[in-house]
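Participant: Hey, dropping work.tsv in here, TSV, C-alpha atoms and all ligand atoms:
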```
chain	number	residue	atom	x	y	z
A	1	MET	CA	-30.82	-11.29	-16.63
A	2	TYR	CA	-28.89	-10.13	-13.54
A	3	SER	CA	-30.63	-12.22	-10.89
A	4	LYS	CA	-27.63	-12.79	-8.61
A	5	ILE	CA	-25.73	-10.28	-6.49
A	6	ALA	CA	-22.09	-10.33	-5.33
A	7	LEU	CA	-20.37	-7.92	-2.95
A	8	SER	CA	-16.75	-6.85	-2.81
A	9	ILE	CA	-15.39	-5.27	0.40
A	10	GLY	CA	-12.00	-3.74	-0.36
A	11	GLY	CA	-9.94	-0.82	-1.54
A	12	SER	CA	-10.30	1.45	-4.55
A	13	ASP	CA	-7.40	1.30	-7.06
A	14	SER	CA	-7.35	4.65	-8.87
A	15	GLY	CA	-5.44	2.95	-11.71
A	16	GLY	CA	-8.44	0.69	-12.30
A	17	GLY	CA	-6.47	-2.57	-12.50
A	18	ALA	CA	-6.98	-4.18	-9.10
A	19	GLY	CA	-9.16	-3.83	-5.99
A	20	ILE	CA	-12.83	-2.89	-6.22
A	21	GLN	CA	-12.49	-1.87	-9.89
A	22	ALA	CA	-11.20	-5.30	-10.97
A	23	ASP	CA	-13.84	-7.02	-8.85
A	24	LEU	CA	-16.76	-5.09	-10.36
A	25	ARG	CA	-15.49	-5.74	-13.89
A	26	THR	CA	-15.21	-9.44	-13.05
A	27	PHE	CA	-18.76	-9.59	-11.64
A	28	MET	CA	-20.04	-7.84	-14.76
A	29	ALA	CA	-18.28	-10.27	-17.08
A	30	LEU	CA	-19.98	-13.14	-15.19
A	31	LYS	CA	-23.35	-11.35	-15.47
A	32	VAL	CA	-23.65	-11.02	-11.70
A	33	HIS	CA	-24.74	-7.67	-10.26
A	34	GLY	CA	-21.76	-6.23	-8.34
A	35	CYS	CA	-21.99	-4.16	-5.13
A	36	SER	CA	-19.07	-2.62	-3.27
A	37	ALA	CA	-18.18	-1.48	0.23
A	38	ILE	CA	-15.02	0.61	0.03
A	39	THR	CA	-12.56	0.29	2.95
A	40	CYS	CA	-9.94	2.73	1.70
A	41	ILE	CA	-8.95	4.84	-1.24
A	42	THR	CA	-5.55	4.34	-2.83
A	43	ALA	CA	-3.74	6.58	-5.30
A	44	GLN	CA	-1.89	4.15	-7.53
A	45	ASN	CA	-0.68	3.64	-11.06
A	46	SER	CA	1.10	0.69	-12.65
A	47	ILE	CA	4.34	1.33	-10.74
A	48	GLU	CA	3.53	2.66	-7.27
A	49	VAL	CA	1.00	3.41	-4.56
A	50	THR	CA	1.48	7.04	-3.49
A	51	CYS	CA	-1.32	7.42	-0.94
A	52	VAL	CA	-3.70	5.25	1.10
A	53	GLN	CA	-6.65	6.79	2.94
A	54	PRO	CA	-8.99	4.60	4.99
A	55	VAL	CA	-12.67	5.62	4.95
A	56	GLU	CA	-14.24	6.58	8.28
A	57	LYS	CA	-15.57	3.74	10.43
A	58	ASN	CA	-19.20	4.80	9.97
A	59	THR	CA	-18.78	5.12	6.22
A	60	LEU	CA	-17.72	1.48	6.00
A	61	LEU	CA	-20.40	0.22	8.39
A	62	ASN	CA	-23.13	2.25	6.66
A	63	GLN	CA	-22.20	0.87	3.25
A	64	LEU	CA	-22.64	-2.66	4.59
A	65	ASP	CA	-25.83	-1.97	6.58
A	66	THR	CA	-27.42	-0.13	3.66
A	67	LEU	CA	-26.66	-2.91	1.18
A	68	PHE	CA	-27.88	-5.72	3.42
A	69	ALA	CA	-31.02	-3.78	4.38
A	70	ASP	CA	-32.30	-4.01	0.80
A	71	PHE	CA	-30.43	-6.59	-1.29
A	72	GLY	CA	-30.34	-10.36	-1.08
A	73	ILE	CA	-26.59	-10.64	-1.56
A	74	ASP	CA	-25.62	-14.15	-2.68
A	75	ALA	CA	-21.86	-14.18	-1.94
A	76	LEU	CA	-19.14	-11.77	-0.84
A	77	LYS	CA	-15.40	-11.37	-0.99
A	78	THR	CA	-12.98	-9.22	0.94
A	79	GLY	CA	-9.83	-7.65	-0.49
A	80	MET	CA	-7.69	-4.82	0.93
A	81	LEU	CA	-8.62	-4.29	4.60
A	82	LEU	CA	-5.53	-2.19	5.54
A	83	ASN	CA	-5.58	-2.24	9.34
A	84	GLU	CA	-6.85	-3.89	12.51
A	85	SER	CA	-9.74	-1.50	12.96
A	86	ILE	CA	-11.13	-2.18	9.45
A	87	ILE	CA	-10.68	-5.93	10.01
A	88	ASN	CA	-12.55	-5.70	13.34
A	89	ASP	CA	-15.45	-3.79	11.81
A	90	THR	CA	-15.64	-6.06	8.75
A	91	ALA	CA	-15.50	-9.24	10.85
A	92	SER	CA	-18.21	-8.02	13.23
A	93	LYS	CA	-20.58	-7.58	10.27
A	94	LEU	CA	-19.50	-10.72	8.39
A	95	ASN	CA	-20.30	-12.78	11.47
A	96	THR	CA	-23.97	-11.91	10.99
A	97	TYR	CA	-24.22	-12.74	7.24
A	98	LYS	CA	-25.10	-16.33	6.37
A	99	ILE	CA	-23.64	-16.29	2.86
A	100	THR	CA	-20.44	-17.56	1.25
A	101	LYS	CA	-17.44	-15.49	2.31
A	102	ILE	CA	-14.25	-15.52	0.25
A	103	ILE	CA	-11.33	-13.90	2.10
A	104	ASP	CA	-8.53	-12.66	-0.18
A	105	PRO	CA	-5.89	-11.60	2.38
A	106	VAL	CA	-4.37	-8.77	0.32
A	107	MET	CA	-1.13	-7.63	1.98
A	108	VAL	CA	1.26	-6.16	-0.58
A	109	THR	CA	1.12	-5.14	-4.27
A	110	ARG	CA	3.10	-6.90	-6.97
A	111	THR	CA	5.26	-3.77	-7.09
A	112	GLY	CA	6.05	-4.03	-3.35
A	113	SER	CA	3.75	-1.43	-1.73
A	114	LYS	CA	2.19	-2.46	1.58
A	115	LEU	CA	-1.61	-2.77	1.62
A	116	LEU	CA	-1.86	-4.15	5.17
A	117	GLU	CA	-0.25	-2.88	8.35
A	118	ASP	CA	2.03	-5.49	10.00
A	119	SER	CA	0.07	-5.29	13.25
A	120	ALA	CA	-3.10	-6.45	11.46
A	121	ILE	CA	-1.95	-9.97	10.58
A	122	ASN	CA	-3.05	-11.38	13.95
A	123	ALA	CA	-6.52	-9.88	13.46
A	124	TYR	CA	-6.77	-11.72	10.12
A	125	LYS	CA	-5.90	-14.97	11.86
A	126	LYS	CA	-8.19	-14.46	14.84
A	127	LEU	CA	-11.22	-12.81	13.25
A	128	LEU	CA	-11.39	-13.61	9.54
A	129	LEU	CA	-9.95	-17.09	9.00
A	130	PRO	CA	-12.51	-18.70	11.37
A	131	ILE	CA	-15.41	-17.31	9.32
A	132	ALA	CA	-13.89	-17.86	5.85
A	133	ASP	CA	-15.50	-20.34	3.47
A	134	LEU	CA	-12.33	-19.93	1.41
A	135	VAL	CA	-9.12	-17.97	1.90
A	136	THR	CA	-6.93	-17.26	-1.14
A	137	PRO	CA	-3.38	-16.26	-0.11
A	138	ASN	CA	-0.38	-16.05	-2.40
A	139	ILE	CA	2.93	-17.50	-1.14
A	140	TYR	CA	3.88	-14.36	0.77
A	141	GLU	CA	0.48	-14.13	2.46
A	142	ALA	CA	0.37	-17.87	3.23
A	143	ASN	CA	3.79	-17.52	4.84
A	144	LEU	CA	2.57	-14.74	7.15
A	145	LEU	CA	-0.72	-16.47	8.00
A	146	SER	CA	0.77	-19.91	8.68
A	147	GLY	CA	4.13	-18.82	10.09
A	148	LEU	CA	5.85	-21.27	7.71
A	149	GLU	CA	8.50	-20.22	5.24
A	150	ILE	CA	7.50	-21.55	1.80
A	151	ARG	CA	10.17	-22.74	-0.63
A	152	SER	CA	8.61	-25.84	-2.20
A	153	LYS	CA	5.34	-27.55	-3.14
A	154	GLU	CA	5.51	-29.53	0.13
A	155	ASP	CA	5.82	-26.26	2.08
A	156	ILE	CA	2.68	-25.00	0.30
A	157	GLU	CA	0.75	-28.10	1.38
A	158	ASN	CA	1.98	-27.77	4.99
A	159	SER	CA	1.10	-24.10	5.05
A	160	ALA	CA	-2.41	-24.91	3.76
A	161	ARG	CA	-2.85	-27.42	6.62
A	162	LYS	CA	-1.86	-24.75	9.14
A	163	ILE	CA	-4.35	-22.29	7.65
A	164	ILE	CA	-7.15	-24.87	7.89
A	165	GLY	CA	-6.01	-25.41	11.49
A	166	LEU	CA	-6.67	-21.71	12.10
A	167	GLY	CA	-10.33	-22.23	11.24
A	168	ALA	CA	-10.76	-21.57	7.49
A	169	LYS	CA	-13.14	-24.07	5.83
A	170	ALA	CA	-10.99	-24.16	2.70
A	171	VAL	CA	-7.80	-22.58	1.38
A	172	LEU	CA	-6.39	-22.01	-2.11
A	173	ILE	CA	-2.68	-21.09	-2.06
A	174	LYS	CA	-1.50	-19.45	-5.29
A	175	GLY	CA	1.87	-20.91	-6.18
A	176	GLY	CA	2.95	-18.15	-8.59
A	177	GLY	CA	5.50	-16.69	-6.15
A	178	LEU	CA	7.71	-19.81	-6.57
A	179	LYS	CA	9.85	-20.57	-9.61
A	180	ASP	CA	7.95	-22.38	-12.41
A	181	MET	CA	4.71	-22.33	-10.41
A	182	LYS	CA	2.75	-19.65	-12.29
A	183	GLY	CA	-0.81	-20.90	-12.81
A	184	LYS	CA	-0.39	-23.71	-10.24
A	185	ASP	CA	-2.48	-23.39	-7.08
A	186	PHE	CA	-3.11	-25.77	-4.18
A	187	PHE	CA	-6.60	-26.40	-2.74
A	188	LEU	CA	-7.31	-27.98	0.66
A	189	ASP	CA	-10.54	-28.11	2.64
A	190	LEU	CA	-11.71	-29.07	6.10
A	191	ASN	CA	-12.76	-32.54	4.89
A	192	GLY	CA	-9.24	-33.23	3.67
A	193	ARG	CA	-9.95	-32.79	-0.04
A	194	LYS	CA	-6.65	-31.74	-1.59
A	195	GLU	CA	-5.98	-30.89	-5.22
A	196	TRP	CA	-3.31	-29.17	-7.26
A	197	LEU	CA	-5.06	-27.00	-9.85
A	198	PHE	CA	-3.37	-25.97	-13.08
A	199	ASN	CA	-4.21	-23.56	-15.82
A	200	ASN	CA	-2.24	-22.74	-18.95
A	201	PHE	CA	0.68	-20.39	-18.36
A	202	ILE	CA	0.09	-17.05	-20.10
A	203	ASN	CA	3.27	-15.28	-21.04
A	204	THR	CA	2.49	-11.69	-20.06
A	205	LYS	CA	3.85	-9.06	-17.67
A	206	ASN	CA	0.39	-7.49	-17.42
A	207	THR	CA	-0.81	-9.28	-14.31
A	208	HIS	CA	-1.89	-6.36	-12.12
A	209	GLY	CA	-5.02	-7.46	-10.27
A	210	SER	CA	-4.84	-11.18	-11.11
A	211	GLY	CA	-5.32	-12.18	-7.46
A	212	CYS	CA	-8.29	-9.81	-7.07
A	213	THR	CA	-9.80	-11.14	-10.29
A	214	LEU	CA	-9.44	-14.75	-9.14
A	215	SER	CA	-11.18	-14.21	-5.78
A	216	ALA	CA	-13.90	-12.06	-7.39
A	217	ALA	CA	-14.56	-14.71	-10.04
A	218	ILE	CA	-14.81	-17.44	-7.36
A	219	CYS	CA	-17.27	-15.20	-5.49
A	220	GLY	CA	-19.23	-14.50	-8.69
A	221	TYR	CA	-19.54	-18.18	-9.60
A	222	LYS	CA	-20.59	-18.98	-6.02
A	223	ALA	CA	-23.27	-16.28	-6.31
A	224	LEU	CA	-24.46	-17.99	-9.51
A	225	GLY	CA	-24.95	-21.22	-7.54
A	226	PHE	CA	-21.90	-23.35	-8.41
A	227	ASP	CA	-20.29	-25.29	-5.58
A	228	LEU	CA	-17.01	-24.01	-4.18
A	229	PHE	CA	-14.66	-26.35	-6.05
A	230	ASP	CA	-16.39	-25.84	-9.42
A	231	SER	CA	-16.33	-22.09	-8.78
A	232	ILE	CA	-12.57	-22.21	-8.26
A	233	GLN	CA	-11.98	-24.23	-11.44
A	234	LYS	CA	-14.16	-21.88	-13.48
A	235	ALA	CA	-12.51	-18.84	-11.90
A	236	LYS	CA	-9.05	-20.08	-12.83
A	237	LEU	CA	-10.15	-20.43	-16.44
A	238	PHE	CA	-11.62	-16.92	-16.29
A	239	VAL	CA	-8.28	-15.54	-15.00
A	240	GLU	CA	-6.40	-17.41	-17.71
A	241	LYS	CA	-8.58	-15.88	-20.45
A	242	SER	CA	-8.38	-12.43	-18.84
A	243	LEU	CA	-4.57	-12.67	-18.70
A	244	ASP	CA	-4.65	-13.59	-22.37
A	245	ASN	CA	-6.62	-10.36	-22.98
A	246	SER	CA	-4.39	-8.23	-20.68
A	247	TYR	CA	-2.93	-4.97	-21.94
A	248	LYS	CA	-0.35	-2.31	-21.11
A	249	ILE	CA	-1.41	1.21	-20.11
A	250	GLY	CA	1.54	2.57	-18.08
A	251	SER	CA	5.20	1.73	-17.65
A	252	GLY	CA	4.59	-1.11	-15.13
A	253	PRO	CA	2.39	-4.24	-15.20
A	254	GLY	CA	-0.91	-3.56	-16.96
A	255	PRO	CA	-4.39	-4.83	-16.04
A	256	LEU	CA	-6.26	-7.96	-17.10
A	257	GLY	CA	-8.84	-7.75	-19.87
A	258	HIS	CA	-12.02	-8.97	-18.20
A	259	HIS	CA	-14.15	-8.65	-21.34
B	1	LIG	N1	1.20	-15.88	-16.06
B	1	LIG	C1	0.16	-16.61	-15.61
B	1	LIG	N2	-0.41	-17.53	-16.39
B	1	LIG	C2	-1.46	-18.25	-15.96
B	1	LIG	N3	-2.04	-18.09	-14.76
B	1	LIG	C3	-1.51	-17.19	-13.93
B	1	LIG	C4	-0.39	-16.39	-14.29
B	1	LIG	N4	-0.10	-15.54	-13.27
B	1	LIG	C5	-1.01	-15.80	-12.30
B	1	LIG	N5	-1.85	-16.79	-12.68
B	1	LIG	C6	-2.99	-17.29	-11.92
B	1	LIG	O1	-3.72	-16.14	-11.52
B	1	LIG	C7	-4.26	-16.30	-10.22
B	1	LIG	C8	-3.74	-15.19	-9.32
B	1	LIG	O2	-2.43	-15.51	-8.94
B	1	LIG	P1	-1.31	-14.49	-8.53
B	1	LIG	O3	-0.09	-15.27	-8.16
B	1	LIG	O4	-1.15	-13.49	-9.59
B	1	LIG	O5	-1.98	-13.91	-7.23
B	1	LIG	P2	-1.60	-12.66	-6.39
B	1	LIG	O6	-0.13	-12.67	-6.09
B	1	LIG	O7	-2.53	-12.56	-5.24
B	1	LIG	O8	-1.96	-11.53	-7.43
B	1	LIG	P3	-2.00	-9.95	-7.29
B	1	LIG	O9	-1.47	-9.61	-5.93
B	1	LIG	O10	-1.12	-9.50	-8.43
B	1	LIG	O11	-3.41	-9.52	-7.51
B	1	LIG	C9	-3.82	-17.70	-9.77
B	1	LIG	O12	-4.85	-18.63	-10.02
B	1	LIG	C10	-2.61	-17.99	-10.63
B	1	LIG	O13	-2.42	-19.38	-10.77
B	2	LIG	C1	-6.91	-1.51	-3.81
B	2	LIG	C2	-6.04	-2.66	-4.16
B	2	LIG	N1	-6.39	-3.91	-3.80
B	2	LIG	C3	-5.62	-4.96	-4.14
B	2	LIG	C4	-4.43	-4.79	-4.84
B	2	LIG	C5	-3.55	-5.98	-5.17
B	2	LIG	O1	-3.28	-6.13	-6.51
B	2	LIG	P1	-1.79	-6.24	-7.15
B	2	LIG	O2	-0.95	-7.08	-6.23
B	2	LIG	O3	-2.01	-6.89	-8.47
B	2	LIG	O4	-1.25	-4.85	-7.25
B	2	LIG	C6	-4.09	-3.47	-5.19
B	2	LIG	N2	-2.97	-3.20	-5.87
B	2	LIG	N3	-4.91	-2.44	-4.85
```
As structure tokens, how would this structure be written, given the file I've shared?
Ligand SMILES: Nc1ncnc2c1ncn2[C@@H]1O[C@H](COP(=O)(O)OP(=O)(O)OP(=O)(O)O)[C@@H](O)[C@H]1O
Ligand SMILES: Cc1ncc(COP(=O)(O)O)c(N)n1
Facilitator:
Amino acid sequence: MYSKIALSIGGSDSGGGAGIQADLRTFMALKVHGCSAITCITAQNSIEVTCVQPVEKNTLLNQLDTLFADFGIDALKTGMLLNESIINDTASKLNTYKITKIIDPVMVTRTGSKLLEDSAINAYKKLLLPIADLVTPNIYEANLLSGLEIRSKEDIENSARKIIGLGAKAVLIKGGGLKDMKGKDFFLDLNGRKEWLFNNFINTKNTHGSGCTLSAAICGYKALGFDLFDSIQKAKLFVEKSLDNSYKIGSGPGPLGHH
């Protein structure tokens, strides 16, 4: 039944709503076997991140080498990569894998805690965008990657063009950070295909991990054999349903219900 394998390279969220935990739940819901390579451990709940501890260089590299030595991984995604050194190590390995790579450039939590050091943004641009089959920034991340301030739909489209110019094969910018743009995302690829994608707006505050869930679902559908654009459309529907099933467990935004 589980004939396909997806890999998430990212951080552990002790609160279970985002990061590796959200990705593995997403893979499971899609009936894809999920593997993980943990880059760092965070202590977080629904309101704050109180501690971030990167794993040792060899621990990260060994997780990747050990997985690829035995498993035929079908697609992978990256999430929280924290600093330049982790980005360097991840990119050096990703360069050797001939599978679909979804880069989710996680930089800050919804509650404002930093998940990427400022000095690491250039490494993202230089090392990860050129090998990305798809990069999935939100407005804030697209702003930092493209160097363009984003205030409108036109700014989103211009920012996407810049990101393609940096070498990504395709980009999906999540519009949710702008007024009245929740659920509206912009897709652009190297061949010039451009589409605004919409899903139904779900009226919930429990959105912790929605970005992680989206990139994991795209990765999962790619692993199952769908093409990139179909994978994105299916993933958006999956996020919509999971937001509809979201629930509150602390005093801040709760997690999605991936069931
Ligand atoms: N309330 C909502 N209703 C419907 N779709 C939504 C809603 N909020 C987010 N989405 C969709 O969920 C996906 C993730 O978008 P979001 O803006 O939450 O990303 P993000 O900022 O990276 O998330 P996070 O950092 O919280 O994980 C996008 O496809 C977006 O359109
Ligand atoms: C380990 C990890 N990875 C990613 C996120 C982003 O998710 P959000 O912005 O919803 O908090 C997070 N909070 N923690």
Participant: Rank nothing, just name the residue among A:Lys31, A:His208, A:Lys169, A:Arg25 nearest to Ala132 of chain A, using all atoms listed in the file.
Facilitator: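 Closest to Ala132 of chain A, using all atoms listed in the file: A:Lys169.
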Participant: Can you work out which one of A:Gly175, A:Gly34, A:Gly112, A:Gly147 has the shortest atom-to-atom distance to ligand LIG 1 (chain B), counting all atoms listed in the file?
Facilitator: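 Ranked by minimum distance to ligand LIG 1 (chain B), first place goes to A:Gly175.
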Participant: What are the closest atom pairs, with distances in Å to one decimal, for all residues of segment 135-247 of chain A lying within 8 Å of segment 116-129 of chain A? Consider only C-alpha atoms, order rows by chain and residue number, and present the result as a tab-separated table.
Facilitator:
```
residue	atom	partner	partner_atom	distance
A:Val135	CA	A:Leu129	CA	7.2
A:Leu144	CA	A:Ile121	CA	7.4
A:Leu145	CA	A:Lys125	CA	6.6
A:Ile163	CA	A:Leu129	CA	7.8
A:Leu166	CA	A:Leu129	CA	6.5
A:Gly167	CA	A:Leu129	CA	5.6
A:Ala168	CA	A:Leu129	CA	4.8
```
Participant: Neighbours of ligand LIG 2 (chain B) at 10 Å or closer, counting only C-alpha atoms and all ligand atoms: which residues, as a PDB file with C-alpha atoms, in the frame of the given file?
Facilitator:
```pdb
ATOM      1  CA  GLY A  10     -12.000  -3.740  -0.360  1.00  0.00           C
ATOM      2  CA  GLY A  11      -9.940  -0.820  -1.540  1.00  0.00           C
ATOM      3  CA  SER A  12     -10.300   1.450  -4.550  1.00  0.00           C
ATOM      4  CA  ASP A  13      -7.400   1.300  -7.060  1.00  0.00           C
ATOM      5  CA  SER A  14      -7.350   4.650  -8.870  1.00  0.00           C
ATOM      6  CA  GLY A  15      -5.440   2.950 -11.710  1.00  0.00           C
ATOM      7  CA  GLY A  16      -8.440   0.690 -12.300  1.00  0.00           C
ATOM      8  CA  GLY A  17      -6.470  -2.570 -12.500  1.00  0.00           C
ATOM      9  CA  ALA A  18      -6.980  -4.180  -9.100  1.00  0.00           C
ATOM     10  CA  GLY A  19      -9.160  -3.830  -5.990  1.00  0.00           C
ATOM     11  CA  ILE A  20     -12.830  -2.890  -6.220  1.00  0.00           C
ATOM     12  CA  GLN A  21     -12.490  -1.870  -9.890  1.00  0.00           C
ATOM     13  CA  ALA A  22     -11.200  -5.300 -10.970  1.00  0.00           C
ATOM     14  CA  ASP A  23     -13.840  -7.020  -8.850  1.00  0.00           C
ATOM     15  CA  ILE A  38     -15.020   0.610   0.030  1.00  0.00           C
ATOM     16  CA  THR A  39     -12.560   0.290   2.950  1.00  0.00           C
ATOM     17  CA  CYS A  40      -9.940   2.730   1.700  1.00  0.00           C
ATOM     18  CA  ILE A  41      -8.950   4.840  -1.240  1.00  0.00           C
ATOM     19  CA  THR A  42      -5.550   4.340  -2.830  1.00  0.00           C
ATOM     20  CA  ALA A  43      -3.740   6.580  -5.300  1.00  0.00           C
ATOM     21  CA  GLN A  44      -1.890   4.150  -7.530  1.00  0.00           C
ATOM     22  CA  ASN A  45      -0.680   3.640 -11.060  1.00  0.00           C
ATOM     23  CA  SER A  46       1.100   0.690 -12.650  1.00  0.00           C
ATOM     24  CA  ILE A  47       4.340   1.330 -10.740  1.00  0.00           C
ATOM     25  CA  GLU A  48       3.530   2.660  -7.270  1.00  0.00           C
ATOM     26  CA  VAL A  49       1.000   3.410  -4.560  1.00  0.00           C
ATOM     27  CA  VAL A  52      -3.700   5.250   1.100  1.00  0.00           C
ATOM     28  CA  THR A  78     -12.980  -9.220   0.940  1.00  0.00           C
ATOM     29  CA  GLY A  79      -9.830  -7.650  -0.490  1.00  0.00           C
ATOM     30  CA  MET A  80      -7.690  -4.820   0.930  1.00  0.00           C
ATOM     31  CA  LEU A  81      -8.620  -4.290   4.600  1.00  0.00           C
ATOM     32  CA  LEU A  82      -5.530  -2.190   5.540  1.00  0.00           C
ATOM     33  CA  ASP A 104      -8.530 -12.660  -0.180  1.00  0.00           C
ATOM     34  CA  PRO A 105      -5.890 -11.600   2.380  1.00  0.00           C
ATOM     35  CA  VAL A 106      -4.370  -8.770   0.320  1.00  0.00           C
ATOM     36  CA  MET A 107      -1.130  -7.630   1.980  1.00  0.00           C
ATOM     37  CA  VAL A 108       1.260  -6.160  -0.580  1.00  0.00           C
ATOM     38  CA  THR A 109       1.120  -5.140  -4.270  1.00  0.00           C
ATOM     39  CA  ARG A 110       3.100  -6.900  -6.970  1.00  0.00           C
ATOM     40  CA  THR A 111       5.260  -3.770  -7.090  1.00  0.00           C
ATOM     41  CA  GLY A 112       6.050  -4.030  -3.350  1.00  0.00           C
ATOM     42  CA  SER A 113       3.750  -1.430  -1.730  1.00  0.00           C
ATOM     43  CA  LYS A 114       2.190  -2.460   1.580  1.00  0.00           C
ATOM     44  CA  LEU A 115      -1.610  -2.770   1.620  1.00  0.00           C
ATOM     45  CA  ASN A 138      -0.380 -16.050  -2.400  1.00  0.00           C
ATOM     46  CA  ASN A 206       0.390  -7.490 -17.420  1.00  0.00           C
ATOM     47  CA  THR A 207      -0.810  -9.280 -14.310  1.00  0.00           C
ATOM     48  CA  HIS A 208      -1.890  -6.360 -12.120  1.00  0.00           C
ATOM     49  CA  GLY A 209      -5.020  -7.460 -10.270  1.00  0.00           C
ATOM     50  CA  SER A 210      -4.840 -11.180 -11.110  1.00  0.00           C
ATOM     51  CA  GLY A 211      -5.320 -12.180  -7.460  1.00  0.00           C
ATOM     52  CA  CYS A 212      -8.290  -9.810  -7.070  1.00  0.00           C
ATOM     53  CA  THR A 213      -9.800 -11.140 -10.290  1.00  0.00           C
ATOM     54  CA  PRO A 253       2.390  -4.240 -15.200  1.00  0.00           C
ATOM     55  CA  GLY A 254      -0.910  -3.560 -16.960  1.00  0.00           C
ATOM     56  CA  PRO A 255      -4.390  -4.830 -16.040  1.00  0.00           C
ATOM     57  CA  LEU A 256      -6.260  -7.960 -17.100  1.00  0.00           C
TER      58      LEU A 256
END
```
Participant: Have a look at atom CA of Arg161 of chain A and atom CA of Phe186 of chain A and let me know their distance in Å, one decimal.
Facilitator: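 Here the two named atoms are 10.9 Å from each other.
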Participant: Output: segment 205-223 of chain A of the preceding structure, restricted to N, CA and C atoms, written as a compact mmCIF listing (two decimals), in the first residue's frame.
Facilitator:
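The result, stored in part.txt:
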```txt
# COMPACT_ATOMS: atom_id res chain seq x y z
N LYS A 205 -8.56 30.57 13.17
CA LYS A 205 -7.28 31.13 13.63
C LYS A 205 -6.24 30.02 13.78
N ASN A 206 -6.69 28.78 13.63
CA ASN A 206 -5.79 27.64 13.85
C ASN A 206 -5.08 27.26 12.56
N THR A 207 -4.04 28.05 12.26
CA THR A 207 -3.33 27.90 10.98
C THR A 207 -1.86 27.55 11.19
N HIS A 208 -1.49 27.15 12.39
CA HIS A 208 -0.08 26.86 12.67
C HIS A 208 0.37 25.65 11.83
N GLY A 209 1.35 25.89 10.97
CA GLY A 209 1.86 24.79 10.14
C GLY A 209 1.19 24.69 8.77
N SER A 210 0.42 25.70 8.38
CA SER A 210 -0.26 25.61 7.07
C SER A 210 0.75 25.64 5.91
N GLY A 211 1.80 26.44 6.06
CA GLY A 211 2.82 26.50 5.00
C GLY A 211 3.58 25.18 4.89
N CYS A 212 3.92 24.60 6.05
CA CYS A 212 4.63 23.31 6.06
C CYS A 212 3.74 22.24 5.42
N THR A 213 2.47 22.27 5.77
CA THR A 213 1.53 21.26 5.26
C THR A 213 1.40 21.38 3.74
N LEU A 214 1.34 22.63 3.25
CA LEU A 214 1.23 22.82 1.80
C LEU A 214 2.44 22.23 1.07
N SER A 215 3.65 22.58 1.52
CA SER A 215 4.84 22.09 0.79
C SER A 215 4.99 20.58 0.94
N ALA A 216 4.62 20.04 2.11
CA ALA A 216 4.69 18.58 2.29
C ALA A 216 3.68 17.88 1.38
N ALA A 217 2.49 18.46 1.25
CA ALA A 217 1.47 17.81 0.40
C ALA A 217 1.90 17.87 -1.07
N ILE A 218 2.51 18.99 -1.50
CA ILE A 218 3.01 19.05 -2.89
C ILE A 218 4.06 17.95 -3.08
N CYS A 219 4.95 17.82 -2.11
CA CYS A 219 6.01 16.80 -2.18
C CYS A 219 5.39 15.39 -2.21
N GLY A 220 4.40 15.17 -1.36
CA GLY A 220 3.74 13.86 -1.30
C GLY A 220 3.06 13.51 -2.62
N TYR A 221 2.34 14.47 -3.20
CA TYR A 221 1.67 14.19 -4.48
C TYR A 221 2.70 13.98 -5.60
N LYS A 222 3.82 14.73 -5.55
CA LYS A 222 4.88 14.49 -6.54
C LYS A 222 5.41 13.06 -6.39
N ALA A 223 5.61 12.64 -5.14
CA ALA A 223 6.11 11.28 -4.89
C ALA A 223 5.13 10.25 -5.47
```
